$ cat model01.cif   # mmCIF, C-alpha atoms
data_my_file
#
loop_
_atom_site.label_atom_id
_atom_site.label_comp_id
_atom_site.auth_asym_id
_atom_site.auth_seq_id
_atom_site.Cartn_x
_atom_site.Cartn_y
_atom_site.Cartn_z
CA MET H 1 0.00 0.00 0.00
CA ARG H 2 2.84 2.38 0.87
CA THR H 3 4.51 1.56 -2.48
CA LEU H 4 1.30 2.55 -4.30
CA SER H 5 1.04 5.80 -2.32
CA PHE H 6 4.64 6.66 -3.09
CA THR H 7 4.11 5.95 -6.80
CA ILE H 8 1.04 8.20 -6.94
CA ALA H 9 2.91 10.96 -5.09
CA LEU H 10 5.85 10.65 -7.48
CA ILE H 11 3.56 10.98 -10.51
CA ILE H 12 1.92 14.07 -9.03
CA SER H 13 5.36 15.53 -8.32
CA LEU H 14 6.46 15.00 -11.91
CA VAL H 15 3.30 16.65 -13.21
CA MET H 16 3.85 19.64 -10.91
CA ILE H 17 7.48 19.95 -11.90
CA SER H 18 6.54 20.05 -15.59
CA SER H 19 3.93 22.76 -15.06
CA PRO H 20 4.59 26.53 -15.18
CA LEU H 21 3.49 26.84 -11.53
CA TRP H 22 6.53 24.89 -10.38
CA TRP H 23 8.88 27.45 -11.84
CA GLU H 24 7.01 30.26 -10.09
CA ILE H 25 7.67 28.50 -6.79
CA GLU H 26 11.30 27.57 -7.29
CA ASP H 27 13.96 26.77 -9.83
CA GLU H 28 14.94 23.19 -9.08
CA ASP H 29 18.03 23.53 -11.26
CA ARG H 30 19.66 26.13 -9.03
CA ASP H 31 23.10 25.49 -10.51
CA ARG H 32 22.11 26.58 -14.00
CA ILE H 33 23.41 30.08 -14.67
CA VAL H 34 22.37 32.18 -17.65
CA ASP H 35 25.22 34.18 -19.14
CA PRO H 36 24.97 37.60 -17.44
CA GLY H 37 26.36 39.19 -20.58
CA SER H 38 23.11 38.36 -22.40
CA VAL H 39 21.09 40.56 -20.03
CA VAL H 40 20.60 44.22 -20.92
CA TYR H 41 21.11 46.48 -17.91
CA SER H 42 19.92 50.03 -17.36
CA LEU H 43 21.54 51.15 -14.14
CA ARG H 44 21.61 54.61 -12.65
CA PRO H 45 25.15 55.97 -12.55
CA LEU H 46 26.38 56.49 -9.01
CA PRO H 47 25.77 60.06 -7.84
CA ASN H 48 28.63 62.36 -8.84
CA ARG H 49 30.02 63.83 -5.64
CA PRO H 50 33.13 66.03 -5.97
CA HIS H 51 35.92 64.92 -3.66
CA ARG H 52 33.88 61.90 -2.56
CA THR H 53 35.05 60.36 0.73
CA ASP H 54 32.15 58.06 1.55
CA ILE H 55 29.67 55.55 0.14
CA THR H 56 26.05 55.90 1.24
CA ILE H 57 23.67 52.97 1.69
CA GLY H 58 19.95 53.51 2.32
CA VAL H 59 17.62 51.23 4.25
CA SER H 60 14.12 51.42 5.72
CA LEU H 61 13.57 49.61 9.05
CA SER H 62 10.42 49.26 11.14
CA THR H 63 10.20 51.27 14.37
CA SER H 64 6.47 50.60 14.78
CA GLY H 65 4.03 47.92 13.66
CA HIS H 66 4.40 44.15 13.78
CA LEU H 67 7.97 43.93 12.42
CA ILE H 68 9.79 45.95 15.10
CA ALA H 69 11.61 43.00 16.70
CA GLU H 70 12.97 41.55 13.47
CA SER H 71 13.91 44.99 12.11
CA ASN H 72 15.88 45.82 15.24
CA ILE H 73 17.81 42.57 14.94
CA MET H 74 18.64 43.41 11.33
CA ARG H 75 19.67 46.95 12.28
CA GLN H 76 22.29 45.52 14.63
CA GLY H 77 23.72 43.37 11.85
CA PHE H 78 23.97 46.31 9.47
CA GLN H 79 25.59 48.48 12.12
CA LEU H 80 28.11 45.80 13.06
CA TRP H 81 29.30 45.58 9.46
CA VAL H 82 29.50 49.37 9.08
CA GLU H 83 31.53 49.61 12.28
CA LEU H 84 33.95 46.89 11.17
CA VAL H 85 34.48 48.40 7.71
CA ASN H 86 35.01 51.94 8.97
CA ASP H 87 37.39 50.76 11.68
CA GLN H 88 39.46 49.16 8.90
CA GLY H 89 39.58 52.37 6.87
CA GLY H 90 36.48 51.93 4.72
CA LEU H 91 35.46 50.09 1.56
CA GLN H 92 38.21 49.54 -0.97
CA VAL H 93 37.55 50.25 -4.65
CA ASN H 94 40.70 49.86 -6.71
CA SER H 95 43.32 51.95 -4.86
CA LYS H 96 40.85 54.17 -3.01
CA ARG H 97 38.96 53.72 0.26
CA TYR H 98 35.57 55.14 1.21
CA LEU H 99 33.91 55.27 4.62
CA VAL H 100 30.38 53.83 4.84
CA ARG H 101 27.44 56.00 5.84
CA LEU H 102 24.22 54.12 6.54
CA VAL H 103 21.14 56.26 5.88
CA GLU H 104 18.25 54.75 7.83
CA VAL H 105 14.62 55.87 7.62
CA ALA H 106 11.83 54.57 9.85
CA ASP H 107 8.71 52.76 8.66
CA ASP H 108 5.58 51.41 10.32
CA SER H 109 5.76 47.88 8.90
CA THR H 110 3.44 48.78 6.01
CA PRO H 111 4.18 48.54 2.27
CA GLU H 112 2.94 52.07 1.60
CA THR H 113 5.42 53.68 3.97
CA VAL H 114 8.28 51.51 2.77
CA ARG H 115 7.64 52.46 -0.85
CA LYS H 116 7.71 56.17 0.06
CA ASN H 117 10.89 55.65 2.08
CA TYR H 118 12.78 54.05 -0.78
CA GLN H 119 11.63 56.76 -3.17
CA HIS H 120 12.99 59.27 -0.65
CA LEU H 121 16.29 57.40 -0.34
CA VAL H 122 16.79 57.24 -4.11
CA LEU H 123 15.43 60.59 -5.24
CA GLU H 124 16.16 62.90 -2.32
CA GLU H 125 18.97 61.31 -0.32
CA LYS H 126 20.51 60.05 -3.58
CA VAL H 127 22.16 57.10 -1.84
CA ASP H 128 24.65 54.98 -3.75
CA PHE H 129 23.21 51.57 -2.81
CA LEU H 130 20.22 50.09 -1.01
CA PHE H 131 19.68 47.39 1.59
CA ALA H 132 16.18 45.87 1.66
CA PRO H 133 13.88 46.00 4.73
CA TYR H 134 12.63 43.04 6.76
CA SER H 135 10.07 40.61 5.24
CA SER H 136 9.27 39.56 1.71
CA ALA H 137 6.24 41.83 1.45
CA LEU H 138 8.23 44.96 2.30
CA THR H 139 11.19 43.84 0.22
CA MET H 140 8.87 43.69 -2.81
CA GLU H 141 8.26 47.41 -2.40
CA SER H 142 11.96 48.24 -2.14
CA ARG H 143 12.70 45.99 -5.10
CA GLU H 144 10.20 47.83 -7.33
CA ILE H 145 11.77 51.21 -6.52
CA ALA H 146 15.32 49.87 -6.92
CA GLU H 147 14.57 48.28 -10.28
CA GLN H 148 12.62 51.31 -11.50
CA HIS H 149 15.57 53.62 -10.84
CA GLY H 150 18.40 51.15 -11.47
CA VAL H 151 19.92 51.24 -7.96
CA ILE H 152 21.67 48.11 -6.64
CA LEU H 153 19.64 46.46 -3.85
CA ILE H 154 21.03 43.74 -1.56
CA VAL H 155 18.33 41.72 0.21
CA ALA H 156 18.71 40.37 3.74
CA SER H 157 15.29 38.95 4.58
CA GLY H 158 13.17 38.78 1.44
CA ALA H 159 13.07 35.05 0.75
CA SER H 160 10.00 34.75 -1.48
CA GLU H 161 10.82 33.82 -5.08
CA GLN H 162 8.26 36.34 -6.32
CA ILE H 163 10.79 39.09 -5.52
CA TYR H 164 13.27 37.68 -8.02
CA SER H 165 12.10 37.81 -11.61
CA SER H 166 14.14 37.20 -14.73
CA ASN H 167 13.82 40.93 -15.43
CA ASN H 168 15.75 41.95 -12.31
CA ARG H 169 18.72 44.12 -13.17
CA CYS H 170 20.09 44.97 -9.75
CA THR H 171 18.37 42.95 -6.95
CA PHE H 172 20.40 40.26 -5.15
CA ALA H 173 19.61 37.99 -2.19
CA ALA H 174 21.96 37.11 0.63
CA LEU H 175 19.74 34.25 1.85
CA THR H 176 18.24 30.92 0.82
CA SER H 177 14.91 31.32 -0.98
CA ALA H 178 11.61 30.48 0.73
CA SER H 179 10.59 27.34 -1.16
CA TRP H 180 13.87 25.70 -0.08
CA TYR H 181 13.24 26.27 3.63
CA THR H 182 11.74 22.81 4.27
CA LYS H 183 14.09 20.81 2.03
CA ASP H 184 16.49 19.95 4.86
CA PHE H 185 13.62 19.08 7.23
CA PHE H 186 12.19 16.48 4.86
CA GLU H 187 15.68 15.11 4.24
CA MET H 188 16.16 14.73 7.98
CA VAL H 189 12.85 13.00 8.78
CA ARG H 190 12.65 10.54 5.89
CA ASN H 191 14.91 8.03 7.64
CA LEU H 192 13.27 8.28 11.07
CA GLN H 193 11.47 5.55 12.94
CA PRO H 194 8.51 5.39 13.07
CA ILE H 195 8.43 6.51 9.44
CA PRO H 196 6.35 9.69 8.98
CA LYS H 197 3.62 9.12 6.41
CA SER H 198 1.63 12.36 6.42
CA TYR H 199 2.03 16.08 6.92
CA ALA H 200 -0.04 19.21 7.50
CA VAL H 201 0.80 22.81 6.58
CA LEU H 202 -0.57 25.98 8.16
CA THR H 203 0.66 29.38 6.97
CA THR H 204 -0.23 32.99 7.52
CA ASP H 205 -1.49 34.85 4.47
CA LYS H 206 1.72 36.72 3.71
CA LEU H 207 4.14 36.47 0.81
CA PHE H 208 7.00 34.72 2.61
CA PRO H 209 4.94 32.17 4.61
CA LYS H 210 2.88 31.23 1.57
CA SER H 211 6.06 30.67 -0.47
CA VAL H 212 7.39 28.39 2.28
CA GLY H 213 4.07 26.53 2.32
CA LYS H 214 4.13 25.94 -1.43
CA GLY H 215 7.66 24.63 -1.18
CA ALA H 216 6.63 22.30 1.68
CA ARG H 217 3.89 20.78 -0.46
CA ILE H 218 6.39 19.99 -3.20
CA ARG H 219 8.93 18.54 -0.75
CA GLY H 220 6.24 16.40 0.87
CA LEU H 221 5.18 14.97 -2.47
CA GLN H 222 8.79 14.37 -3.50
CA ASN H 223 9.31 12.33 -0.35
CA GLY H 224 6.14 10.26 -0.80
CA LEU H 225 4.17 11.73 2.12
CA SER H 226 0.43 12.33 2.10
CA GLU H 227 -0.85 15.87 2.60
CA VAL H 228 -3.80 15.81 5.01
CA PHE H 229 -4.21 19.56 5.62
CA PHE H 230 -3.14 22.81 3.96
CA LYS H 231 -4.44 26.29 4.74
CA SER H 232 -3.34 29.92 4.65
CA ILE H 233 -5.01 32.06 7.29
CA SER H 234 -5.30 35.80 7.86
CA ASN H 235 -2.29 37.37 9.52
CA LEU H 236 -4.74 39.15 11.85
CA THR H 237 -6.28 35.93 13.17
CA ASP H 238 -5.59 35.59 16.89
CA ASN H 239 -7.63 32.45 17.51
CA LEU H 240 -5.91 29.50 15.86
CA GLN H 241 -7.86 26.83 17.75
CA PRO H 242 -10.31 26.02 14.93
CA TYR H 243 -7.40 25.26 12.60
CA ILE H 244 -5.46 23.36 15.27
CA ALA H 245 -8.60 21.32 15.98
CA GLU H 246 -8.99 20.46 12.29
CA ILE H 247 -5.32 19.47 12.10
CA GLY H 248 -5.70 17.37 15.24
CA GLU H 249 -8.57 15.44 13.71
CA LYS H 250 -6.41 14.63 10.67
CA GLN H 251 -3.61 13.29 12.92
CA PRO H 252 -0.63 14.19 10.70
CA ASP H 253 2.80 12.85 11.56
CA LEU H 254 4.45 16.17 10.66
CA LEU H 255 3.16 19.71 11.16
CA ILE H 256 4.71 22.70 9.38
CA PHE H 257 3.83 26.24 10.42
CA ALA H 258 4.99 29.22 8.35
CA GLY H 259 4.71 32.74 9.76
CA HIS H 260 6.72 35.42 11.54
CA ALA H 261 8.04 35.55 15.11
CA ARG H 262 4.86 36.65 16.93
CA ASP H 263 2.81 34.22 14.84
CA ALA H 264 5.08 31.37 15.95
CA ILE H 265 4.66 32.22 19.63
CA ARG H 266 0.87 32.42 19.32
CA PHE H 267 0.76 29.18 17.33
CA THR H 268 2.99 27.27 19.77
CA ARG H 269 1.06 28.40 22.83
CA GLN H 270 -2.31 27.43 21.38
CA LEU H 271 -1.02 24.14 19.97
CA LYS H 272 0.41 23.07 23.32
CA ARG H 273 -2.81 24.04 25.13
CA SER H 274 -5.08 22.16 22.72
CA HIS H 275 -6.70 18.84 23.59
CA PHE H 276 -5.27 17.01 20.60
CA ASP H 277 -2.21 14.80 20.38
CA ILE H 278 0.85 16.69 19.23
CA PRO H 279 2.20 15.40 15.87
CA LYS H 280 5.40 13.41 15.89
CA SER H 281 7.32 16.49 14.76
CA VAL H 282 6.45 20.21 14.59
CA ILE H 283 8.55 22.73 12.69
CA MET H 284 8.14 26.45 12.03
CA THR H 285 9.89 29.12 10.00
CA LEU H 286 10.46 31.49 12.91
CA GLY H 287 10.24 30.91 16.63
CA PRO H 288 12.68 28.32 18.00
CA SER H 289 15.47 29.93 15.99
CA GLN H 290 14.67 33.36 17.47
CA HIS H 291 16.15 35.01 20.53
CA GLY H 292 13.42 35.25 23.20
CA TYR H 293 11.16 32.42 21.98
CA VAL H 294 12.05 30.02 24.77
CA GLN H 295 12.09 32.78 27.40
CA GLU H 296 8.54 33.84 26.52
CA LEU H 297 7.01 30.38 26.16
CA GLY H 298 8.92 28.46 28.82
CA PRO H 299 8.05 24.73 28.87
CA GLU H 300 5.56 25.20 26.05
CA ALA H 301 8.49 25.70 23.65
CA GLU H 302 9.81 22.21 24.39
CA GLY H 303 10.34 20.00 21.35
CA MET H 304 9.56 22.64 18.75
CA ILE H 305 11.84 22.77 15.69
CA GLY H 306 12.90 25.94 13.92
CA MET H 307 14.40 26.55 10.49
CA THR H 308 17.37 28.86 10.37
CA GLN H 309 19.53 30.38 7.66
CA TRP H 310 22.62 30.32 9.87
CA LEU H 311 24.03 29.21 13.21
CA PRO H 312 26.98 30.51 15.26
CA ASN H 313 28.58 27.06 15.00
CA SER H 314 28.20 26.86 11.21
CA GLN H 315 31.34 25.72 9.44
CA TRP H 316 31.56 28.75 7.13
CA SER H 317 34.30 31.35 6.96
CA GLY H 318 35.33 34.36 4.90
CA ASP H 319 37.97 37.06 4.73
CA ILE H 320 35.89 39.88 6.27
CA PHE H 321 34.34 38.69 9.55
CA GLY H 322 36.31 35.46 9.75
CA ASN H 323 34.26 32.35 10.53
CA SER H 324 30.75 32.03 11.99
CA ALA H 325 32.06 31.87 15.55
CA ASP H 326 34.14 35.01 14.99
CA PHE H 327 31.05 36.92 13.85
CA ALA H 328 29.03 35.60 16.80
CA HIS H 329 31.77 36.66 19.23
CA ARG H 330 31.97 40.17 17.77
CA PHE H 331 28.18 40.50 17.89
CA GLN H 332 27.97 39.16 21.46
CA LYS H 333 30.64 41.57 22.61
CA LYS H 334 28.77 44.56 21.18
CA TYR H 335 25.14 43.67 21.91
CA GLY H 336 25.33 41.25 24.82
CA TYR H 337 23.56 38.24 23.31
CA THR H 338 24.09 35.53 20.71
CA PRO H 339 23.09 36.70 17.23
CA SER H 340 20.20 35.18 15.30
CA TYR H 341 20.38 34.53 11.60
CA GLN H 342 18.61 37.82 10.78
CA SER H 343 21.56 39.76 12.18
CA ALA H 344 23.96 37.58 10.22
CA GLN H 345 21.93 38.06 7.03
CA ALA H 346 22.01 41.82 7.44
CA ALA H 347 25.77 41.88 7.93
CA THR H 348 26.15 39.62 4.90
CA CYS H 349 24.47 42.23 2.70
CA GLY H 350 27.42 44.47 3.50
CA VAL H 351 29.90 41.66 2.93
CA ILE H 352 28.45 40.97 -0.54
CA LEU H 353 28.69 44.62 -1.52
CA GLN H 354 32.20 44.84 -0.07
CA GLN H 355 33.36 41.79 -2.03
CA ALA H 356 31.94 43.23 -5.26
CA LEU H 357 33.52 46.65 -4.73
CA LYS H 358 36.87 45.02 -4.07
CA ARG H 359 36.61 43.29 -7.45
CA SER H 360 35.57 46.44 -9.35
CA ALA H 361 38.09 48.58 -11.18
CA ALA H 362 36.16 51.76 -10.39
CA LEU H 363 33.16 53.11 -8.49
CA ASP H 364 30.93 52.38 -11.47
CA ALA H 365 27.45 50.86 -11.21
CA GLU H 366 27.83 48.66 -14.29
CA LEU H 367 31.14 47.23 -13.09
CA ILE H 368 29.79 46.67 -9.57
CA VAL H 369 26.62 44.85 -10.60
CA GLN H 370 28.68 42.62 -12.90
CA ALA H 371 31.05 41.89 -10.01
CA ILE H 372 28.08 40.85 -7.85
CA ARG H 373 26.76 38.56 -10.58
CA ASP H 374 30.21 36.98 -10.92
CA LEU H 375 30.67 36.33 -7.19
CA ASP H 376 31.44 32.77 -6.13
CA VAL H 377 32.72 33.15 -2.58
CA GLU H 378 32.34 31.75 0.90
CA THR H 379 31.43 34.07 3.76
CA PHE H 380 30.86 33.56 7.48
CA PHE H 381 27.16 33.21 6.56
CA GLY H 382 27.69 30.62 3.86
CA PRO H 383 28.41 30.43 0.12
CA VAL H 384 27.32 33.20 -2.26
CA LYS H 385 26.69 32.59 -5.94
CA TYR H 386 23.88 33.99 -8.08
CA ASP H 387 21.56 32.74 -10.78
CA ARG H 388 20.08 34.96 -13.47
CA ARG H 389 17.32 36.19 -11.11
CA GLY H 390 19.57 37.30 -8.27
CA LEU H 391 18.88 34.28 -6.05
CA ASN H 392 21.72 32.88 -3.97
CA ILE H 393 21.89 29.31 -5.29
CA ARG H 394 24.57 27.87 -3.02
CA LYS H 395 23.44 28.32 0.58
CA PRO H 396 21.78 25.50 2.59
CA MET H 397 19.57 25.76 5.71
CA ALA H 398 19.99 24.44 9.27
CA LEU H 399 17.52 23.19 11.91
CA VAL H 400 17.30 23.70 15.67
CA GLN H 401 15.09 22.18 18.35
CA VAL H 402 14.18 23.26 21.87
CA GLN H 403 15.38 20.55 24.26
CA ASP H 404 15.34 20.89 28.05
CA GLY H 405 14.79 24.62 27.75
CA LYS H 406 17.70 25.22 25.36
CA THR H 407 17.86 25.75 21.60
CA VAL H 408 20.21 23.13 20.13
CA THR H 409 21.39 22.29 16.61
CA ILE H 410 19.98 19.08 15.11
CA TRP H 411 20.78 19.52 11.38
CA PRO H 412 22.87 19.33 9.26
CA ALA H 413 24.31 16.19 10.78
CA ARG H 414 27.92 17.44 10.68
CA GLN H 415 26.97 20.46 12.81
CA ALA H 416 24.42 18.78 15.10
CA THR H 417 25.21 19.06 18.80
CA VAL H 418 22.45 16.61 19.81
CA ALA H 419 20.09 14.14 18.14
CA LEU H 420 16.54 15.06 17.13
CA ARG H 421 13.91 14.18 19.72
CA TYR H 422 11.33 12.20 17.82
CA PRO H 423 8.50 11.46 18.14
CA LEU H 424 7.45 14.39 20.31
CA GLN H 425 5.82 13.90 23.66
CA ASP H 426 3.00 16.26 24.60
CA THR H 427 4.70 18.38 27.25
CA PRO H 428 2.63 20.78 29.37
#
$ encode --input "model01.cif" --output "C-alpha cells"
Amino acid sequence: MRTLSFTIALIISLVMISSPLWWEIEDEDRDRIVDPGSVVYSLRPLPNRPHRTDITIGVSLSTSGHLIAESNIMRQGFQLWVELVNDQGGLQVNSKRYLVRLVEVADDSTPETVRKNYQHLVLEEKVDFLFAPYSSALTMESREIAEQHGVILIVASGASEQIYSSNNRCTFAALTSASWYTKDFFEMVRNLQPIPKSYAVLTTDKLFPKSVGKGARIRGLQNGLSEVFFKSISNLTDNLQPYIAEIGEKQPDLLIFAGHARDAIRFTRQLKRSHFDIPKSVIMTLGPSQHGYVQELGPEAEGMIGMTQWLPNSQWSGDIFGNSADFAHRFQKKYGYTPSYQSAQAATCGVILQQALKRSAALDAELIVQAIRDLDVETFFGPVKYDRRGLNIRKPMALVQVQDGKTVTIWPARQATVALRYPLQDTP
C-alpha cells in the first residue's frame, strides 16, 4: 500500500514539476546560470560627488508595527558591518577607500510607507546603494523602486521567489529562498522511525509564509508523504484553535507552520494548550530559531523545531568577519547576546557589496553589478553565488530544536550538537 502511495505521489510531483506553476515556486536547477552578458542592464550611474570620501547605503527599518523585533535585529547586523568596515579604513575600490554611511529611515511595517521611504532614499537622499527591509512583502516594495531607478539592492530577509524575476537588473539575495526552507527538514525525517507518512501545513497569508508553504507541499510529495491539511489564514487571526482542531482530527505525523516571530509564539502556545495529540514532529519558519522564543514560552516551547539560515557554530568562513564563531563573538561583545540569523543576514548584505567593490576597477554601477553577478565566494554566513534572477543558489539551511529549555542544533548532521527528539511527547 505504501509503495502505491509513493508511486502516486511521485507521478503528481512530476506533473507539478513540468507545469509553469513549479517554476514560479522555485527553480529546481539552481546550478544553472544564464550568461549575465546576455542581459541588458539600465543602471543609474552612481551620484557624482566632488571629492567623494564616503559611500552611502539607504535602508528602511520598522520602528512601529508588527515587524519591530525583526527589524531591530537586522539593524544591529547592518551596524556591526559598518563599524567593522570603517574601523578598517572603509570600503576599498581599486586603490581608493571610502567610509560607509548608513542612511536609515523609519517605517511602520506597512508597504505604503516603505515604498515612500525608498523613493525618498533614491530621489532625495541620492544614496549609492540600497539594503532591503525586513520581510518579503516589504522587500517587494523596495525591489520595485530599486529596479525602477536602477539602484543596486542587496536583500537580507526577502526570501519569497516572487521578488526575483528574470527581469531583475540589480536585486540580489543574501539568503536561501523560501521554497527551499523545508528541504532539509524532509531530508532529515525521511529516515526516522517510526516513518512519517503524512504532513499538515498551516501558513499565515503573507508572501514569505505562503512561499514556504508551497515549497513544503512539493517537498512532501517528492518524499512520498500524504498531505492531510493545507491552509493559509489571515495574519490578523488571533484564535488558531479552529485550525489546530482540524489538524488534530487529521492526525498528521508532521506539522509545518509558516509565519513570523509573533505568529510562531501564538501558534505554539495554542497548539500546546489544545486537547489534541501533538504530531510526531512540529517545525516552524520562525520561533525556536529566534532570541526570546524560549524565554517567553517556557516549557511550552519544548520540542519545537525551527528553520534557520545560519548558526553561530556553522562551518563557514570568509575574509571579512572570519568564521561564523568570529562573527558571533563580535556581535555578542557589542550587543550582549548571541546573534540570530537575521543579524547575520544583514551583515552579509554588507559583505556581498564589499566583495563586489573590491573586485571592481572603479566606483561604477555597471562594473559593480557585474562583479556581484560573478561572485562565487564563501562568507561567514555561507556560500554566495547567483543565478540569473539574483537568487543565492549555493546556501543551505539548518535546523534547531528546543530541548530541556535550550535551543540546540539538530541539522545538518555534521553540525548537530544533539540528536533530534522524535516522536514528540506532549509536554505541558
$ resolve_selection --input "model01.cif" --expression "the PyMOL selection byres ((chain H and resi 121) around 9)" --output "PyMOL selection string"
chain H and resi 57-60+103-105+116-120+122-127+130
$ write_last_selection --input "model01.cif" --atoms "C-alpha atoms" --output "PDB file, keeping the file's coordinate frame"
ATOM      1  CA  ILE H  57      23.670  52.970   1.690  1.00  0.00           C
ATOM      2  CA  GLY H  58      19.950  53.510   2.320  1.00  0.00           C
ATOM      3  CA  VAL H  59      17.620  51.230   4.250  1.00  0.00           C
ATOM      4  CA  SER H  60      14.120  51.420   5.720  1.00  0.00           C
ATOM      5  CA  VAL H 103      21.140  56.260   5.880  1.00  0.00           C
ATOM      6  CA  GLU H 104      18.250  54.750   7.830  1.00  0.00           C
ATOM      7  CA  VAL H 105      14.620  55.870   7.620  1.00  0.00           C
ATOM      8  CA  LYS H 116       7.710  56.170   0.060  1.00  0.00           C
ATOM      9  CA  ASN H 117      10.890  55.650   2.080  1.00  0.00           C
ATOM     10  CA  TYR H 118      12.780  54.050  -0.780  1.00  0.00           C
ATOM     11  CA  GLN H 119      11.630  56.760  -3.170  1.00  0.00           C
ATOM     12  CA  HIS H 120      12.990  59.270  -0.650  1.00  0.00           C
ATOM     13  CA  VAL H 122      16.790  57.240  -4.110  1.00  0.00           C
ATOM     14  CA  LEU H 123      15.430  60.590  -5.240  1.00  0.00           C
ATOM     15  CA  GLU H 124      16.160  62.900  -2.320  1.00  0.00           C
ATOM     16  CA  GLU H 125      18.970  61.310  -0.320  1.00  0.00           C
ATOM     17  CA  LYS H 126      20.510  60.050  -3.580  1.00  0.00           C
ATOM     18  CA  VAL H 127      22.160  57.100  -1.840  1.00  0.00           C
ATOM     19  CA  LEU H 130      20.220  50.090  -1.010  1.00  0.00           C
TER      20      LEU H 130
END
$ residues_around --input "model01.cif" --residues "H:Ile152" --least-positions-apart "3" --cutoff "10 Å" --atoms "only C-alpha atoms" --output "list in words"
Leu43, Arg44, Leu46, Ile57, Asp128, Phe129, Leu130, Phe131, Arg143, Ala146, Glu147, His149, Val155, Arg169, Cys170, Thr171, Phe172, Leu353, Ala365, Glu366, Ile368, Val369 and Ile372 of chain H
$ resolve_selection --input "model01.cif" --expression "the PyMOL selection byres ((chain H and resi 264) around 9)" --output "list in words"
Phe257, Ala258, Gly259, His260, Ala261, Arg262, Asp263, Ile265, Arg266, Phe267, Thr268, Arg269, Met284, Thr285, Leu286, Gly287, Pro288 and Tyr293 of chain H
$ write_last_selection --input "model01.cif" --atoms "C-alpha atoms" --output "short mmCIF file (atom, residue, chain, number, x, y, z; two decimals), in the frame of the given file"
data_model
loop_
_atom_site.label_atom_id
_atom_site.label_comp_id
_atom_site.auth_asym_id
_atom_site.auth_seq_id
_atom_site.Cartn_x
_atom_site.Cartn_y
_atom_site.Cartn_z
CA PHE H 257 3.83 26.24 10.42
CA ALA H 258 4.99 29.22 8.35
CA GLY H 259 4.71 32.74 9.76
CA HIS H 260 6.72 35.42 11.54
CA ALA H 261 8.04 35.55 15.11
CA ARG H 262 4.86 36.65 16.93
CA ASP H 263 2.81 34.22 14.84
CA ILE H 265 4.66 32.22 19.63
CA ARG H 266 0.87 32.42 19.32
CA PHE H 267 0.76 29.18 17.33
CA THR H 268 2.99 27.27 19.77
CA ARG H 269 1.06 28.40 22.83
CA MET H 284 8.14 26.45 12.03
CA THR H 285 9.89 29.12 10.00
CA LEU H 286 10.46 31.49 12.91
CA GLY H 287 10.24 30.91 16.63
CA PRO H 288 12.68 28.32 18.00
CA TYR H 293 11.16 32.42 21.98
#
$ resolve_selection --input "model01.cif" --expression "the PyMOL selection byres ((chain H and resi 82) around 8)" --output "JSON, numbers by chain"
{"H": [78, 79, 80, 81, 83, 84, 85, 86, 100, 101, 102, 350]}
$ atom_distance --input "model01.cif" --atom1 "atom CA of H:Val189" --atom2 "atom CA of H:Val212"
17.6 Å
$ residues_around --input "model01.cif" --residues "H:Tyr243" --least-positions-apart "4" --cutoff "9 Å" --atoms "only C-alpha atoms" --output "PyMOL selection string"
chain H and resi 202+231+233+239+247-248
$ residues_around --input "model01.cif" --residues "H:Glu378" --least-positions-apart "6" --cutoff "8 Å" --atoms "only C-alpha atoms" --output "VMD selection string"
chain H and resid 316 to 318 384
$ residues_around --input "model01.cif" --residues "H:Asp374" --least-positions-apart "3" --cutoff "9 Å" --atoms "all atoms listed in the file" --output "number ranges by chain"
H: 36, 356, 369-371, 385-386
